[in-house]
Structure formats: structure tokens, C-alpha cells
file final.txt (compact mmCIF, C-alpha atoms and all ligand atoms)
# COMPACT_ATOMS: atom_id res chain seq x y z
CA MET T 257 -183.62 88.25 -18.87
CA LYS T 258 -185.63 86.58 -16.12
CA GLU T 259 -183.77 86.49 -12.80
CA TRP T 260 -183.73 82.69 -12.55
CA MET T 261 -182.12 82.43 -15.97
CA LYS T 262 -178.89 83.83 -14.55
CA ASN T 263 -178.46 80.62 -12.59
CA VAL T 264 -179.15 78.20 -15.38
CA ARG T 265 -176.21 76.08 -16.49
CA THR T 266 -175.86 76.80 -20.17
CA VAL T 267 -173.99 74.28 -22.26
CA GLU T 268 -173.40 73.68 -25.93
CA PRO T 269 -174.53 70.05 -26.15
CA TYR T 270 -172.91 67.23 -28.07
CA VAL T 271 -174.66 66.51 -31.37
CA PRO T 272 -175.00 62.77 -31.95
CA GLY T 273 -175.10 61.33 -35.47
CA GLU T 274 -178.52 61.24 -37.07
CA GLN T 275 -180.74 58.22 -36.39
CA PRO T 276 -183.00 58.31 -39.47
CA LYS T 277 -186.60 57.14 -39.00
CA ASP T 278 -186.63 55.56 -42.44
CA ALA T 279 -185.62 51.91 -42.02
CA ASN T 280 -184.58 51.63 -45.67
CA VAL T 281 -181.46 53.73 -45.45
CA ILE T 282 -177.93 52.38 -45.54
CA LYS T 283 -176.72 53.66 -42.22
CA LEU T 284 -172.97 54.24 -42.15
CA ASN T 285 -172.94 57.37 -39.99
CA THR T 286 -172.58 56.30 -36.33
CA ASN T 287 -170.07 53.43 -36.38
CA GLU T 288 -172.60 50.82 -35.36
CA ASN T 289 -172.00 47.18 -36.18
CA PRO T 290 -173.93 45.94 -39.24
CA TYR T 291 -174.26 42.45 -37.72
CA PRO T 292 -176.64 41.38 -34.95
CA PRO T 293 -175.47 40.61 -31.42
CA SER T 294 -174.51 37.03 -30.59
CA ASP T 295 -177.20 34.32 -30.61
CA LYS T 296 -176.55 33.96 -26.89
CA VAL T 297 -177.82 37.53 -26.52
CA LEU T 298 -180.69 37.07 -28.96
CA ASN T 299 -181.86 33.88 -27.24
CA ALA T 300 -181.28 34.93 -23.63
CA LYS T 301 -184.25 34.56 -21.30
CA LEU T 302 -185.14 37.72 -19.47
CA ASP T 303 -187.15 37.24 -16.30
CA LEU T 304 -189.29 40.32 -16.71
CA GLU T 305 -190.95 39.74 -13.37
CA LYS T 306 -187.63 41.03 -12.02
CA LEU T 307 -188.44 44.50 -13.36
CA ARG T 308 -190.45 44.95 -10.17
CA ILE T 309 -187.26 45.30 -8.15
CA TYR T 310 -184.26 47.58 -8.53
CA PRO T 311 -181.36 46.16 -10.53
CA ASP T 312 -178.09 45.23 -8.80
CA PRO T 313 -176.46 48.61 -8.07
CA GLU T 314 -173.02 46.97 -8.17
CA VAL T 315 -173.69 45.34 -11.55
CA SER T 316 -171.80 42.36 -10.09
CA ALA T 317 -172.67 39.78 -12.75
CA LEU T 318 -171.29 41.91 -15.56
CA VAL T 319 -168.30 43.17 -13.57
CA GLU T 320 -167.38 39.55 -12.76
CA GLU T 321 -167.81 38.37 -16.34
CA LEU T 322 -165.68 41.21 -17.72
CA ALA T 323 -163.00 40.74 -15.05
CA LYS T 324 -162.82 37.05 -15.88
CA TYR T 325 -162.69 37.80 -19.61
CA HIS T 326 -159.82 40.26 -19.27
CA GLY T 327 -157.93 38.33 -16.57
CA LEU T 328 -158.51 41.02 -13.94
CA ASN T 329 -159.90 41.18 -10.42
CA ASN T 330 -163.44 42.41 -9.92
CA ASP T 331 -162.17 45.56 -8.20
CA GLN T 332 -160.41 46.60 -11.42
CA VAL T 333 -163.64 46.93 -13.44
CA PHE T 334 -166.31 49.65 -13.46
CA VAL T 335 -169.46 49.32 -15.56
CA GLY T 336 -171.59 52.20 -16.85
CA VAL T 337 -174.43 53.01 -19.22
CA GLY T 338 -172.41 53.20 -22.42
CA SER T 339 -168.86 54.50 -22.48
CA ASP T 340 -170.28 58.03 -22.67
CA ASP T 341 -171.59 57.51 -19.15
CA VAL T 342 -168.29 55.98 -18.00
CA LEU T 343 -166.28 58.82 -19.56
CA ALA T 344 -168.55 61.53 -18.17
CA MET T 345 -168.21 59.93 -14.73
CA ALA T 346 -164.44 59.69 -15.15
CA PHE T 347 -164.16 63.38 -16.12
CA LEU T 348 -166.12 64.29 -12.99
CA THR T 349 -164.07 61.94 -10.78
CA PHE T 350 -160.54 62.55 -12.00
CA PHE T 351 -160.32 65.96 -13.63
CA ASN T 352 -160.48 68.34 -10.67
CA SER T 353 -157.22 70.22 -11.04
CA GLU T 354 -156.97 73.90 -11.78
CA LYS T 355 -154.52 72.99 -14.50
CA PRO T 356 -156.08 72.25 -17.90
CA ILE T 357 -156.65 68.73 -19.11
CA PHE T 358 -155.15 67.88 -22.52
CA PHE T 359 -156.76 66.14 -25.47
CA PRO T 360 -156.24 66.24 -29.26
CA ASP T 361 -157.68 69.09 -31.36
CA ILE T 362 -159.43 66.59 -33.61
CA THR T 363 -161.06 63.94 -31.47
CA TYR T 364 -164.29 62.65 -30.00
CA SER T 365 -166.39 65.79 -29.80
CA PHE T 366 -167.90 64.89 -26.44
CA TYR T 367 -164.66 65.70 -24.56
CA ASP T 368 -164.98 69.48 -24.76
CA VAL T 369 -168.70 69.19 -23.97
CA TRP T 370 -168.02 67.33 -20.69
CA ALA T 371 -165.15 69.71 -19.88
CA ASP T 372 -167.52 72.66 -20.35
CA LEU T 373 -170.33 70.96 -18.43
CA TYR T 374 -168.09 70.29 -15.42
CA ARG T 375 -166.11 73.53 -15.86
CA ILE T 376 -162.85 71.69 -16.36
CA PRO T 377 -160.24 73.87 -18.06
CA TYR T 378 -158.78 72.24 -21.16
CA VAL T 379 -156.20 72.75 -23.87
CA THR T 380 -156.28 70.89 -27.17
CA LYS T 381 -153.10 69.57 -28.78
CA ALA T 382 -152.90 69.62 -32.58
CA LEU T 383 -152.59 66.31 -34.40
CA ASP T 384 -149.87 66.30 -37.06
CA ASP T 385 -150.78 66.50 -40.75
CA GLY T 386 -151.26 62.74 -40.89
CA PHE T 387 -153.69 63.06 -37.95
CA ASN T 388 -151.25 61.42 -35.54
CA ILE T 389 -151.18 62.29 -31.84
CA LYS T 390 -147.77 63.76 -30.98
CA PRO T 391 -146.76 62.39 -27.54
CA GLU T 392 -144.23 65.21 -27.07
CA ASP T 393 -147.16 67.65 -26.83
CA TYR T 394 -148.35 65.97 -23.64
CA LYS T 395 -145.30 66.73 -21.52
CA GLU T 396 -146.26 70.04 -19.92
CA ALA T 397 -147.98 70.20 -16.54
CA ASN T 398 -151.68 69.43 -16.88
CA GLY T 399 -154.75 68.32 -14.95
CA GLY T 400 -155.17 65.03 -16.83
CA VAL T 401 -155.06 63.55 -20.31
CA VAL T 402 -157.74 61.86 -22.40
CA PHE T 403 -157.62 60.52 -25.94
CA PRO T 404 -159.28 57.77 -27.93
CA ASN T 405 -157.05 55.04 -29.30
CA PRO T 406 -157.69 54.55 -32.16
CA ASN T 407 -158.73 58.18 -32.44
CA ALA T 408 -162.15 59.23 -33.73
CA PRO T 409 -163.17 60.50 -36.21
CA THR T 410 -159.70 60.12 -37.77
CA CYS T 411 -159.41 56.29 -37.42
CA VAL T 412 -155.69 56.65 -36.60
CA TYR T 413 -154.07 54.28 -34.12
CA LEU T 414 -151.31 55.36 -31.74
CA PRO T 415 -148.81 52.52 -31.25
CA ILE T 416 -148.51 51.31 -27.66
CA ASP T 417 -144.93 52.54 -27.22
CA LYS T 418 -146.25 56.06 -27.87
CA VAL T 419 -149.11 55.57 -25.39
CA ARG T 420 -146.41 54.53 -22.94
CA GLU T 421 -144.47 57.71 -23.73
CA ILE T 422 -147.54 59.79 -22.81
CA LEU T 423 -147.97 57.78 -19.60
CA ASP T 424 -144.29 58.18 -18.66
CA ASN T 425 -144.63 61.93 -18.91
CA ASN T 426 -147.88 62.03 -16.94
CA ARG T 427 -147.33 60.00 -13.78
CA ASP T 428 -149.12 62.47 -11.50
CA VAL T 429 -152.45 62.84 -13.31
CA VAL T 430 -155.06 60.40 -14.54
CA VAL T 431 -154.67 59.36 -18.18
CA ILE T 432 -157.83 58.04 -19.83
CA VAL T 433 -157.46 55.95 -22.98
CA ASP T 434 -160.84 55.68 -24.68
CA GLU T 435 -160.69 52.35 -26.52
CA ALA T 436 -164.10 52.42 -28.19
CA TYR T 437 -162.57 50.98 -31.39
CA VAL T 438 -159.61 49.01 -30.07
CA ASP T 439 -161.05 45.62 -31.08
CA TYR T 440 -160.28 46.58 -34.68
CA ALA T 441 -156.74 47.71 -33.81
CA PRO T 442 -153.43 45.94 -33.11
CA GLU T 443 -153.05 46.39 -29.36
CA SER T 444 -154.80 47.66 -26.24
CA ALA T 445 -153.29 49.71 -23.42
CA LEU T 446 -154.91 47.29 -20.97
CA SER T 447 -151.59 45.46 -20.53
CA LEU T 448 -150.23 48.66 -18.95
CA ILE T 449 -152.71 49.07 -16.08
CA ASP T 450 -150.58 47.14 -13.58
CA GLU T 451 -147.59 49.29 -14.38
CA TYR T 452 -149.42 52.64 -14.37
CA ASP T 453 -151.82 53.09 -11.47
CA ASN T 454 -153.08 56.32 -13.08
CA LEU T 455 -154.21 54.68 -16.35
CA LEU T 456 -157.92 54.17 -16.99
CA VAL T 457 -158.88 52.16 -20.08
CA VAL T 458 -162.47 52.66 -21.30
CA ARG T 459 -164.36 50.25 -23.59
CA THR T 460 -167.83 49.93 -25.06
CA PHE T 461 -170.29 47.25 -26.19
CA SER T 462 -171.63 49.64 -28.84
CA LYS T 463 -169.27 48.83 -31.72
CA SER T 464 -167.55 45.45 -31.81
CA ARG T 465 -170.24 43.83 -29.63
CA SER T 466 -173.18 45.09 -31.74
CA MET T 467 -175.04 46.38 -28.69
CA ALA T 468 -175.23 50.16 -29.07
CA GLY T 469 -178.91 49.99 -28.16
CA MET T 470 -178.19 48.32 -24.83
CA ARG T 471 -175.89 51.10 -23.56
CA ILE T 472 -173.03 49.25 -21.92
CA GLY T 473 -169.55 50.67 -21.34
CA TYR T 474 -166.82 49.88 -18.85
CA ALA T 475 -163.53 51.06 -17.47
CA MET T 476 -160.54 49.08 -16.26
CA GLY T 477 -157.73 50.26 -14.05
CA ASN T 478 -156.13 50.22 -10.65
CA PRO T 479 -158.60 49.36 -7.81
CA GLU T 480 -158.16 52.86 -6.38
CA LEU T 481 -159.32 54.44 -9.64
CA ILE T 482 -162.30 52.08 -9.77
CA LYS T 483 -163.18 52.78 -6.15
CA ALA T 484 -163.12 56.53 -6.82
CA LEU T 485 -165.37 56.08 -9.87
CA ASN T 486 -167.83 54.01 -7.85
CA ALA T 487 -167.94 56.61 -5.10
CA VAL T 488 -168.92 59.27 -7.63
CA LYS T 489 -171.39 56.96 -9.38
CA PHE T 490 -173.10 56.14 -6.07
CA SER T 491 -173.27 59.86 -5.32
CA PHE T 492 -175.07 60.39 -8.60
CA ASN T 493 -177.36 57.47 -9.32
CA SER T 494 -177.05 54.02 -7.70
CA TYR T 495 -179.03 52.12 -10.33
CA THR T 496 -177.41 53.20 -13.56
CA MET T 497 -177.55 49.87 -15.33
CA ASN T 498 -180.89 48.19 -15.92
CA TYR T 499 -181.60 44.49 -15.46
CA SER T 500 -181.78 43.57 -19.14
CA SER T 501 -178.47 45.29 -19.96
CA ILE T 502 -176.75 43.33 -17.21
CA VAL T 503 -178.15 39.96 -18.36
CA LEU T 504 -177.54 40.55 -22.07
CA GLY T 505 -174.11 42.08 -21.49
CA VAL T 506 -173.01 38.91 -19.69
CA GLU T 507 -174.28 36.74 -22.56
CA SER T 508 -172.31 38.78 -25.09
CA VAL T 509 -169.04 38.36 -23.20
CA ARG T 510 -169.67 34.59 -23.02
CA ASP T 511 -169.69 34.22 -26.80
CA ASP T 512 -166.12 35.05 -27.68
CA ALA T 513 -166.05 32.98 -30.89
CA TYR T 514 -168.86 35.01 -32.45
CA PHE T 515 -167.32 38.27 -31.22
CA LYS T 516 -164.00 37.49 -32.91
CA GLU T 517 -165.68 36.25 -36.08
CA MET T 518 -167.66 39.50 -36.48
CA ILE T 519 -164.55 41.60 -35.92
CA GLN T 520 -162.76 39.67 -38.66
CA LYS T 521 -165.73 40.08 -40.98
CA VAL T 522 -165.70 43.86 -40.57
CA LYS T 523 -161.92 43.93 -41.07
CA ASN T 524 -162.23 41.94 -44.33
CA THR T 525 -164.88 44.31 -45.67
CA ARG T 526 -162.74 47.25 -44.56
CA GLU T 527 -159.81 45.94 -46.59
CA TRP T 528 -161.89 45.59 -49.74
CA PHE T 529 -163.60 48.96 -49.27
CA CYS T 530 -160.30 50.80 -48.72
CA LYS T 531 -158.97 49.45 -52.02
CA GLU T 532 -162.14 50.65 -53.75
CA LEU T 533 -161.75 54.09 -52.16
CA THR T 534 -158.19 54.34 -53.52
CA ARG T 535 -159.40 53.31 -56.96
CA LEU T 536 -162.05 56.06 -56.82
CA GLY T 537 -159.49 58.77 -55.95
CA PHE T 538 -159.93 59.00 -52.18
CA SER T 539 -157.13 59.24 -49.68
CA TYR T 540 -157.41 58.29 -46.03
CA PRO T 541 -155.18 57.55 -43.08
CA GLU T 542 -154.66 53.84 -42.38
CA THR T 543 -157.72 52.73 -40.44
CA HIS T 544 -157.64 50.59 -37.32
CA THR T 545 -161.35 51.05 -36.59
CA ASN T 546 -164.71 50.02 -38.04
CA PHE T 547 -164.79 53.19 -40.12
CA VAL T 548 -162.71 55.08 -42.67
CA PHE T 549 -161.95 58.80 -42.71
CA ALA T 550 -161.67 59.71 -46.35
CA SER T 551 -161.18 62.74 -48.56
CA HIS T 552 -161.56 62.86 -52.34
CA LYS T 553 -158.92 64.52 -54.52
CA SER T 554 -161.44 66.62 -56.47
CA VAL T 555 -164.99 66.23 -55.15
CA PRO T 556 -165.80 68.09 -51.92
CA ALA T 557 -166.81 65.88 -48.98
CA LYS T 558 -169.89 67.98 -48.29
CA ALA T 559 -171.23 67.45 -51.82
CA ILE T 560 -170.74 63.68 -51.51
CA PHE T 561 -172.34 63.64 -48.06
CA GLU T 562 -175.44 65.49 -49.27
CA ALA T 563 -175.84 63.48 -52.45
CA ALA T 564 -175.35 60.19 -50.59
CA LYS T 565 -178.08 61.19 -48.17
CA GLU T 566 -180.46 61.92 -51.03
CA ASN T 567 -179.68 58.41 -52.20
CA HIS T 568 -180.53 57.02 -48.75
CA ILE T 569 -176.91 56.39 -47.78
CA TYR T 570 -175.95 58.09 -44.51
CA VAL T 571 -172.30 58.83 -43.73
CA ARG T 572 -170.93 61.41 -41.27
CA TYR T 573 -169.65 64.85 -42.23
CA PHE T 574 -168.08 67.33 -39.78
CA ASN T 575 -168.12 70.96 -40.76
CA LYS T 576 -165.06 71.71 -38.64
CA PRO T 577 -161.59 73.17 -39.26
CA ARG T 578 -159.06 70.74 -40.80
CA ILE T 579 -161.61 67.98 -41.36
CA ASP T 580 -164.32 69.69 -43.41
CA ASN T 581 -163.25 67.88 -46.56
CA TYR T 582 -163.47 64.41 -45.01
CA LEU T 583 -166.21 61.83 -44.68
CA ARG T 584 -166.37 59.36 -41.84
CA ILE T 585 -167.76 56.16 -43.30
CA THR T 586 -168.71 53.22 -41.08
CA ILE T 587 -167.91 49.76 -42.42
CA GLY T 588 -171.23 48.04 -43.11
CA THR T 589 -171.94 44.68 -44.75
CA ASP T 590 -170.29 43.80 -48.07
CA GLU T 591 -173.57 44.48 -49.80
CA GLN T 592 -173.98 47.92 -48.20
CA MET T 593 -170.43 48.89 -49.09
CA LYS T 594 -170.92 47.72 -52.69
CA THR T 595 -174.00 49.93 -52.97
CA LEU T 596 -172.00 52.86 -51.61
CA VAL T 597 -169.13 52.23 -54.03
CA GLU T 598 -171.58 52.11 -56.96
CA PHE T 599 -173.09 55.40 -55.84
CA LEU T 600 -169.64 57.02 -55.40
CA GLU T 601 -168.49 55.81 -58.79
CA LYS T 602 -171.47 57.40 -60.54
CA PHE T 603 -171.47 60.58 -58.49
CA ILE T 604 -167.75 61.25 -58.90
CA ASP T 605 -167.93 60.54 -62.66
CA ASN T 606 -170.74 63.02 -63.16
CA TYR T 607 -169.42 65.71 -60.81
CA SER T 608 -168.07 68.81 -62.48
N1 LIG H 1 -165.74 57.17 -27.41
C1 LIG H 1 -165.64 57.31 -28.74
C2 LIG H 1 -164.32 57.66 -29.32
C3 LIG H 1 -166.76 57.13 -29.57
O1 LIG H 1 -166.67 57.32 -30.88
C4 LIG H 1 -168.00 56.81 -28.97
C5 LIG H 1 -169.23 56.61 -29.85
N2 LIG H 1 -169.93 57.75 -30.13
C6 LIG H 1 -168.06 56.69 -27.59
C7 LIG H 1 -166.92 56.86 -26.84
C8 LIG H 1 -169.34 56.41 -26.87
O2 LIG H 1 -169.90 55.21 -27.14
P1 LIG H 1 -171.02 54.56 -26.22
O3 LIG H 1 -171.53 55.60 -25.28
O4 LIG H 1 -172.05 54.07 -27.17
O5 LIG H 1 -170.33 53.45 -25.49
call {"tool": "encode", "arguments": {"input": "final.txt", "output": "C-alpha cells", "more": "lines below"}}
Ligand code: PMP
result
Amino acid sequence: MKEWMKNVRTVEPYVPGEQPKDANVIKLNTNENPYPPSDKVLNAKLDLEKLRIYPDPEVSALVEELAKYHGLNNDQVFVGVGSDDVLAMAFLTFFNSEKPIFFPDITYSFYDVWADLYRIPYVTKALDDGFNIKPEDYKEANGGVVFPNPNAPTCVYLPIDKVREILDNNRDVVVIVDEAYVDYAPESALSLIDEYDNLLVVRTFSKSRSMAGMRIGYAMGNPELIKALNAVKFSFNSYTMNYSSIVLGVESVRDDAYFKEMIQKVKNTREWFCKELTRLGFSYPETHTNFVFASHKSVPAKAIFEAAKENHIYVRYFNKPRIDNYLRITIGTDEQMKTLVEFLEKFIDNYS
């Protein structure tokens, strides 16, 4: 081994879902929105002459718009380059205890990657057999707690009284609730941030706002949490968010009618698709997200995943303990889901 190699930080990186080059695939593997962003975004005028100068390091326009939208003060909002950036920054800012942080055993697979990257000790807490988070597991002393609500890739929602139970037992550490999919769920933990000064709620524009390509995420919480996040961000990179993301992000927030309409559209398709899955012999936990986590009673998930891919339909398969017989299927358009159902029907019929 070369001497310098001893000082290289070695990490097992996160593996994102495949982004196929072929434009003709039905892409249901990364929980993107099948509908375009709002017309306000599509028709926004970008003053590209502005690219000459650095963007606003405080991202004020977007912070203000989001604060207004959520009924908060500007000092309660932090904006980052996708919620991955916000979460990575939050891990670095808030998880500095020698005690382990806690998160579920089946969850967003970036959490253990960031913990390893920043050398944060962690312990995972097993979901129950229905893939529910058990709040009683989060009572022991720890260095912080993080979980998505609804959880991914399981699509299971933790009711707010249970989120509150976790918060009540963790008053002395930061609790991060990753609400990437909350717009498809009954209730957000945002209403709790005044009561719990240690609660950070993280959101993204990548799913319900159809702007995964723009990379916009944000966090909301007590001004002291936001101040601490900003201090770390400004110690890392002042100009995280580019000019066009700021302008287009603001336009998206301004079109609430379209936002709500697209959420409803996805929910309607989800309802139809879930019934079809039941008819075809799949079981799945109740979904409160823009995806379903489904397992077939007789056909292995891996076989379906591979065959679907050959038929240009991409879904997500995780070869991991407890979930290796499940498929995570993003809700696409009605037409896309019909094509998938037709494929599943044929494949399952012919499988022996
Ligand atoms: N949290 C969860 C639970 C997710 O599934 C994702 C999407 N991969 C993210 C955060 C990150 O999303 P983004 O960086 O696009 O905001």
C-alpha cells in the first residue's frame, strides 16, 4: 500500500437509483413526479446575465417565500441543494455526541453513509413486522435521532402522536424528521417545532414539487437550530444554491393550486394501482407516499424486477435483509401504471 493511501478517507458510498439513458423507459425507480413542474416554473424568466455574479449566499428570496408559505419567520428556514445536502449538513451540525445516533434498520440508505462519512456512531432500531417504527425503541440515551416520515423505502407513515412520543423521550438531542414524502401523507411534524426546540423538519422539492433536477431541499426548526446549520454551511461552501434554483424554487412555491392538484392526481392513481396490486396477488403496507412497497405471494421480487427492466419498466429492488422480496414502485401517470399492470399480469400468469 502506498503511504498516502493510509490517510485516505474510505467510505462505502450511497448508490442512487439508476437513471437510464434510454428516454423510452417507464421510470418508476426513483420516486420522481411523473408530471412537469408548475407553469410558473416553466415560464419563469431567468436573467442569465446574472450568472456572471455569485448567487445570494443567504438564498433570501427562497427562504422568505418558504417562510411565508409555512407561516414561519425567516430565521426558522434553512435552504440547501436537495434534502440530501440539508440532511448531510444537519448530520455534521447536530450529531457530535459520543453516544450513537438512532435510526430505523430499514430506512433511507443514505443515513448510515453520512454516519460513516462523518464517523458518527449509530445504532439501528428494528421496524416491527408491519414495517412500523416502534417509538419505545428510541428511549435509551443517544446522540440524536433521524427517521423519514413516511419512511422510505417502506412507505409507512408514523402517526403524529407517535412522533411526539419519540420527541418526548428525546428532549436533549436533535431529532430530525425527514419529510421527503409528507405531502402524500396525513400530517406533518411541522406543527411541533414551536413546542420542541430540538426538532428539525426536512423537506424536498424533488417529489411533490416535480423538481428533482433543480436540487432544492430545506429544513425548518427553532432559530437556534437554523443558525447552527447556517454556521456549518458557511464554513463549508457559501454559495450552495445557484441562481436558477433560487428563482425557479420561488415560482414553484407561488403556485399552490397546481401543487395540490398534482398531489391529488398521484394519490388517485395510487388508489387505483393499489387495488390492481391486490388483485394480482401482491401485499403491501398502506402507502402514504408517491410509491408502493410490494411483495408478491408467489413470484420473487427479483424476478419481477429483472423482467420488468427487460420490458423497459424500471422499478427499485433492494437486495437487503428483510426487504429482498419487495419492489419499490413509484406512482407514475395512469397510463404508465396501466402498462405496468399489464406487464405484471402477463408475467405472473406465465411464471412457474
Ligand atoms: N430523504 C428521503 C427519505 C428520500 O427518499 C430522498 C430521495 N432519495 C431524499 C431524502 C433526498 O432527496 P433530495 O436530495 O432529492 O431532496
call {"tool": "residues_around", "arguments": {"input": "final.txt", "residues": "segment 352-357 of chain T", "least_positions_apart": "2", "cutoff": "8 Å", "atoms": "all atoms listed in the file", "output": "PyMOL selection string"}}
result
chain T and resi 348-350+359+376-379+397-402
call {"tool": "residues_near_point", "arguments": {"input": "final.txt", "point": "(-163.1, 42.2, -8.5)", "cutoff": "12 Å", "atoms": "all atoms listed in the file", "output": "list in words"}}
result
Glu314, Val315, Ser316, Ala317, Leu318, Val319, Glu320, Glu321, Leu322, Ala323, Lys324, Tyr325, His326, Gly327, Leu328, Asn329, Asn330, Asp331, Gln332, Val333, Phe334, Val335, Met476, Gly477, Asn478, Pro479, Glu480, Ile482 and Lys483 of chain T
call {"tool": "closest_atom_pairs", "arguments": {"input": "final.txt", "of": "chain T", "to": "ligand LIG 1 (chain H)", "cutoff": "9 Å", "atoms": "all atoms listed in the file", "output": "JSON lines"}}
result
{"residue": "T:Pro272", "atom": "CA", "partner": "H:LIG1", "partner_atom": "N2", "distance": 7.4}
{"residue": "T:Gly273", "atom": "CA", "partner": "H:LIG1", "partner_atom": "N2", "distance": 8.2}
{"residue": "T:Thr286", "atom": "CA", "partner": "H:LIG1", "partner_atom": "N2", "distance": 6.9}
{"residue": "T:Asn287", "atom": "CA", "partner": "H:LIG1", "partner_atom": "C5", "distance": 7.3}
{"residue": "T:Glu288", "atom": "CA", "partner": "H:LIG1", "partner_atom": "C5", "distance": 8.7}
{"residue": "T:Gly336", "atom": "CA", "partner": "H:LIG1", "partner_atom": "O5", "distance": 8.8}
{"residue": "T:Val337", "atom": "CA", "partner": "H:LIG1", "partner_atom": "O3", "distance": 7.2}
{"residue": "T:Gly338", "atom": "CA", "partner": "H:LIG1", "partner_atom": "O5", "distance": 3.7}
{"residue": "T:Ser339", "atom": "CA", "partner": "H:LIG1", "partner_atom": "O5", "distance": 3.5}
{"residue": "T:Asp340", "atom": "CA", "partner": "H:LIG1", "partner_atom": "O3", "distance": 3.8}
{"residue": "T:Asp341", "atom": "CA", "partner": "H:LIG1", "partner_atom": "O3", "distance": 6.4}
{"residue": "T:Val342", "atom": "CA", "partner": "H:LIG1", "partner_atom": "O3", "distance": 8.0}
{"residue": "T:Leu343", "atom": "CA", "partner": "H:LIG1", "partner_atom": "C7", "distance": 7.6}
{"residue": "T:Thr363", "atom": "CA", "partner": "H:LIG1", "partner_atom": "C2", "distance": 7.4}
{"residue": "T:Tyr364", "atom": "CA", "partner": "H:LIG1", "partner_atom": "C2", "distance": 5.0}
{"residue": "T:Ser365", "atom": "CA", "partner": "H:LIG1", "partner_atom": "C2", "distance": 8.4}
{"residue": "T:Phe366", "atom": "CA", "partner": "H:LIG1", "partner_atom": "N1", "distance": 8.1}
{"residue": "T:Phe403", "atom": "CA", "partner": "H:LIG1", "partner_atom": "C2", "distance": 8.0}
{"residue": "T:Pro404", "atom": "CA", "partner": "H:LIG1", "partner_atom": "C2", "distance": 5.2}
{"residue": "T:Asn405", "atom": "CA", "partner": "H:LIG1", "partner_atom": "C2", "distance": 7.7}
{"residue": "T:Pro406", "atom": "CA", "partner": "H:LIG1", "partner_atom": "C2", "distance": 7.9}
{"residue": "T:Asn407", "atom": "CA", "partner": "H:LIG1", "partner_atom": "C2", "distance": 6.4}
{"residue": "T:Ala408", "atom": "CA", "partner": "H:LIG1", "partner_atom": "C2", "distance": 5.2}
{"residue": "T:Pro409", "atom": "CA", "partner": "H:LIG1", "partner_atom": "O1", "distance": 7.1}
{"residue": "T:Asp434", "atom": "CA", "partner": "H:LIG1", "partner_atom": "N1", "distance": 5.8}
{"residue": "T:Glu435", "atom": "CA", "partner": "H:LIG1", "partner_atom": "C2", "distance": 7.0}
{"residue": "T:Ala436", "atom": "CA", "partner": "H:LIG1", "partner_atom": "N1", "distance": 5.1}
{"residue": "T:Tyr437", "atom": "CA", "partner": "H:LIG1", "partner_atom": "C2", "distance": 7.2}
{"residue": "T:Val458", "atom": "CA", "partner": "H:LIG1", "partner_atom": "C7", "distance": 8.3}
{"residue": "T:Arg459", "atom": "CA", "partner": "H:LIG1", "partner_atom": "O5", "distance": 7.0}
{"residue": "T:Thr460", "atom": "CA", "partner": "H:LIG1", "partner_atom": "O5", "distance": 4.3}
{"residue": "T:Phe461", "atom": "CA", "partner": "H:LIG1", "partner_atom": "O5", "distance": 6.2}
{"residue": "T:Ser462", "atom": "CA", "partner": "H:LIG1", "partner_atom": "O4", "distance": 4.8}
{"residue": "T:Lys463", "atom": "CA", "partner": "H:LIG1", "partner_atom": "O4", "distance": 7.5}
{"residue": "T:Met467", "atom": "CA", "partner": "H:LIG1", "partner_atom": "O4", "distance": 8.4}
{"residue": "T:Ala468", "atom": "CA", "partner": "H:LIG1", "partner_atom": "O4", "distance": 5.4}
{"residue": "T:Gly469", "atom": "CA", "partner": "H:LIG1", "partner_atom": "O4", "distance": 8.0}
{"residue": "T:Met470", "atom": "CA", "partner": "H:LIG1", "partner_atom": "O4", "distance": 8.7}
{"residue": "T:Arg471", "atom": "CA", "partner": "H:LIG1", "partner_atom": "O4", "distance": 6.0}
{"residue": "T:Ile472", "atom": "CA", "partner": "H:LIG1", "partner_atom": "O5", "distance": 6.1}
{"residue": "T:Gly473", "atom": "CA", "partner": "H:LIG1", "partner_atom": "O5", "distance": 5.1}
{"residue": "T:Tyr474", "atom": "CA", "partner": "H:LIG1", "partner_atom": "O5", "distance": 8.3}
call {"tool": "atom_distance", "arguments": {"input": "final.txt", "atom1": "atom CA of Asn280 of chain T", "atom2": "atom CA of Trp528 of chain T"}}
result
23.8 Å
call {"tool": "atom_distance", "arguments": {"input": "final.txt", "atom1": "atom CA of Thr525 of chain T", "atom2": "atom CA of Thr589 of chain T"}}
result
7.1 Å
call {"tool": "residues_near_point", "arguments": {"input": "final.txt", "point": "(-161.9, 43.2, -47.2)", "cutoff": "12 Å", "atoms": "only C-alpha atoms", "output": "list in words"}}
result
Ile519, Gln520, Lys521, Val522, Lys523, Asn524, Thr525, Arg526, Glu527, Trp528, Phe529, Cys530, Lys531, Glu532, Leu533, Asn546, Ile587, Gly588, Thr589, Asp590, Met593 and Lys594 of chain T
call {"tool": "residues_around", "arguments": {"input": "final.txt", "residues": "Ile422 of chain T", "least_positions_apart": "3", "cutoff": "9 Å", "atoms": "all atoms listed in the file", "output": "ChimeraX atom specification"}}
result
/T:391-395,401,417-419,425-426,431
call {"tool": "atom_distance", "arguments": {"input": "final.txt", "atom1": "atom CA of Ala382 of chain T", "atom2": "atom CA of Asp368 of chain T"}}
result
14.4 Å
call {"tool": "closest_residue", "arguments": {"input": "final.txt", "among": "T:Leu446, T:Val412, T:Leu456, T:Ala550", "to": "Val430 of chain T", "atoms": "only C-alpha atoms"}}
result
T:Leu456
call {"tool": "axis_aligned_box", "arguments": {"input": "final.txt", "around": "segment 456-475 of chain T", "padding_each_side": "6 Å", "output": "lines of an AutoDock Vina configuration file"}}
result
center_x = -168.4
center_y = 49.0
center_z = -24.4
size_x = 33.0
size_y = 22.3
size_z = 26.8
